[in-house]
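The next block holds one structure in the form of structure tokens; read it before the comments.
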2 protein chains.
Amino acid sequence: MHVTIKDIAVKSGVSMATVSRVINKAPHVSQKAEQKVLKAIDELNYIPSAYARGLSRHESDIIGIVIPEITNPFFGEIITGVTQIADEKGLNILIFNTDEDAAKEARVFQILQEYRVRGIIVTPVTGINTFDKDYVRLFEKLNIPIVLMDRRIKNGRFDGVFFDDRAALYQATSLLLENEHRNITILTGNPKHVITQGRVQGYRDAFEAYNVPVSEKNLIQGKFTIESAYEITKDLITDKKLPTAFVGISNMLSMGCLKALYEYHISIPEDISFVGYDKLEFFDLLNINLTLVEKDAVEMGRRAAMLMIDKLSGKNTQNRVVLMPEMVIRGSEQFPARNQV
Amino acid sequence: MHVTIKDIAVKSGVSMATVSRVINKAPHVSQKAEQKVLKAIDELNYIPSAYARGLSRHESDIIGIVIPEITNPFFGEIITGVTQIADEKGLNILIFNTDEDAAKEARVFQILQEYRVRGIIVTPVTGINTFDKDYVRLFEKLNIPIVLMDRRIKNGRFDGVFFDDRAALYQATSLLLENEHRNITILTGNPKHVITQGRVQGYRDAFEAYNVPVSEKNLIQGKFTIESAYEITKDLITDKKLPTAFVGISNMLSMGCLKALYEYHISIPEDISFVGYDKLEFFDLLNINLTLVEKDAVEMGRRAAMLMIDKLSGKNTQNRVVLMPEMVIRGSEQFPARNQV
DNA sequence: TTGATAATTGTAAACGCTTCCGTATTTTTT
DNA sequence: AAAAAATACGGAAGCGTTTACAATTATCAA
């Protein structure tokens with residue numbers, strides 16, 4: 001079928017054990033033997049079988065990475081970060097996309113287990129039908145390290161790397177409050193999602209700190225998609241219910257919101273103000289000086305990989321990393337010159 | 001170590017063969033036996049070993065997909081497309097990102113071979129140090145099907161799915177010529193890259209069709225990055241060498257170019273015209289009605305997967321798919337009202 | 001009931017590698 | 001020069017499945 005280690009052994013006149021040693025750069029093999037083996041490998045175009053190797057070693061050198069939305073550059077950057085560290089350490093990674101689909105995620109976990117991965121770095125699917133307790137059960141059944149990214153799982157005490165979403169929204173909202181805004185709309189996504197809660201809390205905390213009551217009608221539920229944010233914002237515009245400022249809680253929501261504002265020629269910050277959470281390379285392109293609380297996704301990936309490696313080597317180091325997003329003030333937070341409300 | 005098929009056999013009182021049959025949903029196993037086995041699997045939390053299975057069977061059910069730039073949504077969409085089809089057919093996919101790094105790509109190919117993937121869908125790295133003949137040699141040594149995506153390899157006659165880049169740029173350029181433009185700048189990337197050639201040819205062909213000589217100074221070399229396009233455009237602006245129109249040959253180059261124009265408050269189409277090749281979801285956001293020749297990346301992924309499946313099943317169907325990008329006219333091609341050149 | 005046929009189940013070899021352990025060879029030490 | 005230590009190498013078992021083949025049991029027509 002395929003060229004095997006045995007063929008190499010025969011051709012180069014050494015034993016299979018020696019061939020194996022050469023392939024794995026193990027010690028105790030003479031120069032001469034090594035040369036012969038390498039030559040045979042090259043001539044016969046030998047490729048070791050990952051399966052045979054995996055079967056006889058009892059550990060793989062793979063970590064799995066599971067993300068929910070491959071077309072979002074945020075996750076692309078995370079993958080970049082994980083890869084950087086994994087490459088350094090000689091670990092292979094298996095990338096899977098779940099498309100925010102819990103069933104797909106379950107399948108992915110099964111596959112990853114079948115491949116005996118050393119650990120899994122995952123941003124879990126979030127949805128109304130996803131329950132944290134299922135994850136808790138799932139992760140506890142697996143007995144390999146899990147590193148969460150960006151989305152926490154309650155009641156689980158799982159390690160991971162997160163951004164301080166509360167602080168981010170606290171900062172963003174505070175900045176707006178400081179700029180005299182009192183009527184600030186926040187698009188929240190579904191309140192059951194983990195993603196939402198810390199962020200909304202930050203928003204509320206800022207109001208409390210400024211001693212301003214939160215107007216509940218300013219918290220608008222929707223989905224975590226561009227379209228949802230776009231539709232909601234459009235409705236606000238046509239119903240003439242615009243606030244003096246928006247605070248965006250994710251790159252996609254900011255995107256949808258900005259899109260609607262653009263479409264109706266509502267300028268920032270002349271007509272309305274905006275502070276977003278999470279950037280998008282493409283925001284650079286807008287002729288707005290958009291104030292953003294920016295996340296470093298590559299760094300998140302890197303830290304997640306480092307955390308995983310620590311866990312694999314049994315180190316009992318810090319096991320929850322909280323990254324602080326950085327607020328970059330560019331002007332879009334300023335109170336609208338012509339306040340149309 | 002791990003729970004094995006043998007443990008299940010013992011616990012459920014059947015043979016390993018029967019357990020294997022249950023796992024693989026093979027025929028010829030009684031209801032009763034199946035129940036017992038399933039129960040044991042559940043109770044012992046058994047996960048089959050992909051390695052043992054892979055060693056036993058002589059084929060995997062995996063196809064590899066190798067892309068050069070995971071943070072570019074274009075490739076994210078491609079992955080989405082490939083996955084759609086692979087899921088339908090029960091094939092697993094292994095995703096690898098090469099970061100436009102030839103060495104990394106070589107490693108990825110090695111890994112993929114070690115995993116005995118059935119075939120590889122790849123957008124090859126392109127660079128000045130990448131030579132087509134190396135690919136030809138590499139691919140011929142592999143003896144598994146290769147499906148190329150988006151980037152051709154000359155002298156190779158490899159199957160794949162491509163966009164008709166020439167036609168795309170022919171259309172884009174023609175539209176500008178039709179709108180009275182004669183001074184049209186095209187940022188070409190490095191002329192050695194495969195990506196460039198068809199596109200530049202389309203540009204030239206359009207000029208020829210309109211019987212207008214091409215001014216060579218309008219073909220500006222650079223890299224295939226946002227930064228490169230940004231810098232070049234900025235230089236054109238500060239040197240006061242702007243044309244009446246730009247034609248962008250990739251989403252990233254369009255992006256860089258538009259960014260510079262924005263920064264200097266040069267409006268489209270009031271000051272300058274623009275027609276781009278390939279879209280970006282984020283272009284929606286601009287308050288320009290950008291005329292684009294749009295590629296359907298999801299479709300490309302789908303077609304690549306379908307092509308691969310055909311090859312795997314030995315079908316001798318069409319083996320080069322050329323997709324036609326669709327020009328969507330929105331207004332940015334119109335001759336600048338205040339022509340500042 | 002009986003034989004023929006079909007369905008179910010088990011036995012054991014094979015897949016290609018790693019690695020333990022024992023032997024042979026070389027190098028170092030005294 | 002002999003003993004000790006280090007190095008090089010090979011034999012063969014074992015990893016967890018699948019699957020060909022053989023064996024057993026169930027089904028059914030006559």
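Simple scheme: letters A, B, ... for chains in structure tokens order, numbers from 1 for residues in each chain, numbers from 1 for ligands in the order shown.
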
Contacts of stretch 219-229 of chain A at 8 Å (only C-alpha atoms (C1' of nucleotides); same-chain gap of 3+ positions) as a list in words:
Thr185, Ile186, Leu187, Thr188, Gly189, Asn190, Pro191, Ser215, Glu216, Ile232, Thr233, Met252, Leu253, Ser254, Met255, Gly256 and Cys257 of chain A

Residue list for chain A near chain D as a PyMOL selection string, 10 Å, only C-alpha atoms (C1' of nucleotides):
chain A and resi 14-18+27-30+33+52-58

From a backbone DSSP assignment, name each residue in stretch 187-284 of chain B labelled helix (DSSP H, G or I), as a VMD selection string.
chain B and resid 194 to 209 216 to 218 226 to 238 251 to 263 281 to 284

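Residue-level DSSP output for stretch 64-230 of chain A, from the backbone, shows strand (DSSP E) at A:Gly64, A:Ile65, A:Val66, A:Ile67, A:Asn92, A:Ile93, A:Leu94, A:Ile95, A:Phe96, A:Asn97, A:Gly119, A:Ile120, A:Ile121, A:Val122, A:Ile146, A:Val147, A:Leu148, A:Met149, A:Gly160, A:Val161, A:Phe162, A:Phe163, A:Ile184, A:Thr185, A:Ile186, A:Leu187, A:Leu219, A:Ile220.
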
Output for the residues just chosen: C-alpha atoms as an mmCIF file, in the first residue's frame:
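Okay, result18.cif is ready:
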data_model
loop_
_atom_site.group_PDB
_atom_site.id
_atom_site.type_symbol
_atom_site.label_atom_id
_atom_site.label_comp_id
_atom_site.auth_asym_id
_atom_site.auth_seq_id
_atom_site.Cartn_x
_atom_site.Cartn_y
_atom_site.Cartn_z
ATOM 1 C CA GLY A 64 -7.831 21.504 19.137
ATOM 2 C CA ILE A 65 -9.193 24.944 18.580
ATOM 3 C CA VAL A 66 -12.886 25.445 18.186
ATOM 4 C CA ILE A 67 -14.367 28.743 17.144
ATOM 5 C CA ASN A 92 0.001 20.839 15.932
ATOM 6 C CA ILE A 93 -3.382 22.442 15.920
ATOM 7 C CA LEU A 94 -6.678 21.267 14.573
ATOM 8 C CA ILE A 95 -9.026 24.098 13.699
ATOM 9 C CA PHE A 96 -12.772 23.670 13.693
ATOM 10 C CA ASN A 97 -15.551 26.101 12.982
ATOM 11 C CA GLY A 119 -6.411 19.818 25.055
ATOM 12 C CA ILE A 120 -9.059 22.021 23.540
ATOM 13 C CA ILE A 121 -9.159 25.776 23.230
ATOM 14 C CA VAL A 122 -12.712 26.794 22.624
ATOM 15 C CA ILE A 146 -10.122 22.953 28.323
ATOM 16 C CA VAL A 147 -9.227 26.576 27.837
ATOM 17 C CA LEU A 148 -12.119 28.905 27.241
ATOM 18 C CA MET A 149 -11.778 31.999 25.136
ATOM 19 C CA GLY A 160 -9.662 30.594 30.110
ATOM 20 C CA VAL A 161 -8.760 33.921 28.676
ATOM 21 C CA PHE A 162 -11.311 36.668 28.720
ATOM 22 C CA PHE A 163 -11.569 40.333 28.151
ATOM 23 C CA ILE A 184 -27.446 56.309 25.508
ATOM 24 C CA THR A 185 -28.758 53.305 23.647
ATOM 25 C CA ILE A 186 -27.110 49.939 23.971
ATOM 26 C CA LEU A 187 -27.929 47.019 21.685
ATOM 27 C CA LEU A 219 -31.430 48.561 26.442
ATOM 28 C CA ILE A 220 -32.605 46.961 23.250
#

Top pick for closest residue to chain A, considering C:DT23, C:DA4, C:DG16, C:DT28 and counting only C-alpha atoms (C1' of nucleotides):
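Among the listed residues, C:DG16 lies closest to chain A.
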
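In this structure, atom CA of A:Arg137 sits 27.4 Å away from atom CA of A:Gln201.
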
Within 10 Å of chain B, which residues of chain C show up when using only C-alpha atoms (C1' of nucleotides), listed as a PyMOL selection string?
chain C and resi 7-11+14-17

Show me, as a PyMOL selection string, every residue of chain B with an atom at most 9 Å from chain A, counting only C-alpha atoms.
chain B and resi 1+45+47-55+58+69-77+79-80+83+92-97+99+110-111+113-116+141+255-256+258-260+262-263+265+282-287

Residue subset to file, keeping N, CA and C atoms, as a short mmCIF file (atom, residue, chain, number, x, y, z; two decimals), in the first residue's frame:
data_model
loop_
_atom_site.label_atom_id
_atom_site.label_comp_id
_atom_site.auth_asym_id
_atom_site.auth_seq_id
_atom_site.Cartn_x
_atom_site.Cartn_y
_atom_site.Cartn_z
N MET B 1 -5.18 2.38 29.92
CA MET B 1 -5.04 3.77 29.43
C MET B 1 -6.42 4.35 29.10
N ASN B 45 -18.17 5.48 28.78
CA ASN B 45 -17.72 6.70 28.11
C ASN B 45 -16.61 6.39 27.10
N ILE B 47 -14.65 6.31 23.69
CA ILE B 47 -14.41 7.10 22.48
C ILE B 47 -13.45 6.31 21.59
N PRO B 48 -13.88 5.97 20.40
CA PRO B 48 -13.00 5.20 19.51
C PRO B 48 -11.72 5.95 19.23
N SER B 49 -10.69 5.23 18.94
CA SER B 49 -9.42 5.86 18.61
C SER B 49 -9.30 6.07 17.11
N ALA B 50 -9.17 7.32 16.74
CA ALA B 50 -9.03 7.64 15.32
C ALA B 50 -7.77 6.98 14.77
N TYR B 51 -6.79 6.78 15.63
CA TYR B 51 -5.52 6.22 15.16
C TYR B 51 -5.65 4.75 14.84
N ALA B 52 -6.26 4.02 15.75
CA ALA B 52 -6.43 2.59 15.49
C ALA B 52 -7.30 2.39 14.26
N ARG B 53 -8.32 3.19 14.18
CA ARG B 53 -9.20 3.04 13.03
C ARG B 53 -8.47 3.37 11.74
N GLY B 54 -7.74 4.47 11.78
CA GLY B 54 -7.02 4.90 10.59
C GLY B 54 -6.01 3.87 10.14
N LEU B 55 -5.43 3.18 11.11
CA LEU B 55 -4.41 2.19 10.78
C LEU B 55 -5.04 0.96 10.13
N HIS B 58 -7.77 1.50 5.35
CA HIS B 58 -6.59 2.04 4.69
C HIS B 58 -6.79 3.40 4.09
N GLU B 69 -4.39 32.96 4.41
CA GLU B 69 -4.62 34.22 5.14
C GLU B 69 -5.94 34.13 5.90
N ILE B 70 -5.88 33.56 7.06
CA ILE B 70 -7.11 33.23 7.77
C ILE B 70 -7.90 34.45 8.23
N THR B 71 -7.23 35.58 8.34
CA THR B 71 -7.95 36.76 8.81
C THR B 71 -8.70 37.48 7.69
N ASN B 72 -8.49 37.05 6.48
CA ASN B 72 -9.23 37.64 5.36
C ASN B 72 -10.57 36.92 5.22
N PRO B 73 -11.67 37.65 5.38
CA PRO B 73 -12.98 37.03 5.33
C PRO B 73 -13.22 36.26 4.03
N PHE B 74 -12.55 36.65 2.98
CA PHE B 74 -12.66 35.91 1.72
C PHE B 74 -12.38 34.43 1.95
N PHE B 75 -11.33 34.14 2.69
CA PHE B 75 -10.99 32.75 2.94
C PHE B 75 -11.89 32.11 3.99
N GLY B 76 -12.35 32.93 4.91
CA GLY B 76 -13.34 32.41 5.86
C GLY B 76 -14.56 31.91 5.13
N GLU B 77 -14.99 32.67 4.15
CA GLU B 77 -16.17 32.26 3.39
C GLU B 77 -15.90 31.00 2.57
N ILE B 79 -13.93 28.62 3.42
CA ILE B 79 -14.01 27.51 4.36
C ILE B 79 -15.47 27.14 4.63
N THR B 80 -16.29 28.16 4.80
CA THR B 80 -17.71 27.90 5.00
C THR B 80 -18.29 27.08 3.85
N THR B 83 -16.98 23.47 3.87
CA THR B 83 -17.59 22.73 4.98
C THR B 83 -19.01 22.29 4.67
N ASN B 92 -14.56 14.67 6.79
CA ASN B 92 -14.00 15.61 7.75
C ASN B 92 -13.03 16.54 7.04
N ILE B 93 -12.89 17.73 7.56
CA ILE B 93 -11.88 18.58 6.95
C ILE B 93 -10.87 19.06 7.98
N LEU B 94 -9.67 19.19 7.51
CA LEU B 94 -8.56 19.69 8.32
C LEU B 94 -8.17 21.04 7.74
N ILE B 95 -8.27 22.07 8.55
CA ILE B 95 -8.00 23.42 8.06
C ILE B 95 -6.60 23.87 8.47
N PHE B 96 -5.86 24.35 7.55
CA PHE B 96 -4.56 24.91 7.89
C PHE B 96 -4.36 26.29 7.27
N ASN B 97 -3.71 27.13 8.01
CA ASN B 97 -3.41 28.48 7.57
C ASN B 97 -1.90 28.58 7.34
N ASP B 99 -0.34 31.55 6.27
CA ASP B 99 0.17 32.92 6.45
C ASP B 99 1.08 33.37 5.31
N GLN B 110 3.25 18.22 4.56
CA GLN B 110 3.81 17.02 5.17
C GLN B 110 2.81 16.43 6.17
N ILE B 111 2.29 17.28 7.04
CA ILE B 111 1.34 16.82 8.05
C ILE B 111 0.12 16.19 7.39
N GLN B 113 -0.10 14.80 4.59
CA GLN B 113 0.24 13.49 4.04
C GLN B 113 0.34 12.44 5.14
N GLU B 114 0.90 12.85 6.26
CA GLU B 114 1.01 11.90 7.36
C GLU B 114 -0.37 11.46 7.82
N TYR B 115 -1.33 12.33 7.70
CA TYR B 115 -2.69 11.97 8.07
C TYR B 115 -3.43 11.27 6.94
N ARG B 116 -2.73 11.01 5.87
CA ARG B 116 -3.31 10.25 4.76
C ARG B 116 -4.64 10.83 4.29
N LYS B 141 4.49 14.54 -6.83
CA LYS B 141 5.01 13.54 -5.89
C LYS B 141 3.89 13.01 -5.00
N MET B 255 -9.11 48.26 -0.24
CA MET B 255 -9.18 48.74 1.13
C MET B 255 -8.09 49.77 1.43
N GLY B 256 -6.87 49.43 1.11
CA GLY B 256 -5.75 50.33 1.38
C GLY B 256 -5.88 51.62 0.60
N LEU B 258 -8.68 52.99 -0.68
CA LEU B 258 -9.79 53.79 -0.17
C LEU B 258 -9.43 54.48 1.14
N LYS B 259 -8.67 53.76 1.94
CA LYS B 259 -8.28 54.33 3.23
C LYS B 259 -7.50 55.62 3.05
N ALA B 260 -6.55 55.58 2.12
CA ALA B 260 -5.74 56.78 1.88
C ALA B 260 -6.61 57.91 1.34
N TYR B 262 -9.75 58.43 1.81
CA TYR B 262 -10.54 58.95 2.91
C TYR B 262 -9.75 59.90 3.77
N GLU B 263 -8.57 59.44 4.07
CA GLU B 263 -7.74 60.21 4.99
C GLU B 263 -7.52 61.62 4.46
N HIS B 265 -9.56 63.17 2.54
CA HIS B 265 -10.86 63.73 2.18
C HIS B 265 -11.07 63.88 0.70
N PHE B 282 -17.81 44.83 4.71
CA PHE B 282 -17.64 46.10 5.36
C PHE B 282 -17.74 47.28 4.40
N PHE B 283 -17.61 47.01 3.13
CA PHE B 283 -17.75 48.09 2.16
C PHE B 283 -19.16 48.68 2.21
N ASP B 284 -20.09 47.84 2.61
CA ASP B 284 -21.48 48.31 2.77
C ASP B 284 -21.56 49.56 3.60
N LEU B 285 -20.65 49.63 4.51
CA LEU B 285 -20.71 50.65 5.53
C LEU B 285 -20.33 52.02 5.03
N LEU B 286 -19.58 52.03 3.95
CA LEU B 286 -19.08 53.30 3.46
C LEU B 286 -20.22 54.10 2.89
N ASN B 287 -20.11 55.37 3.02
CA ASN B 287 -21.17 56.15 2.39
C ASN B 287 -20.82 56.46 0.94
#

Between atom CA of B:Asp310 and atom CA of B:Val125, what distance in Å does the model show, to one decimal?
24.8 Å

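Atom to atom, atom CA of B:Thr4 and atom CA of B:Ala40 stand 11.2 Å apart.
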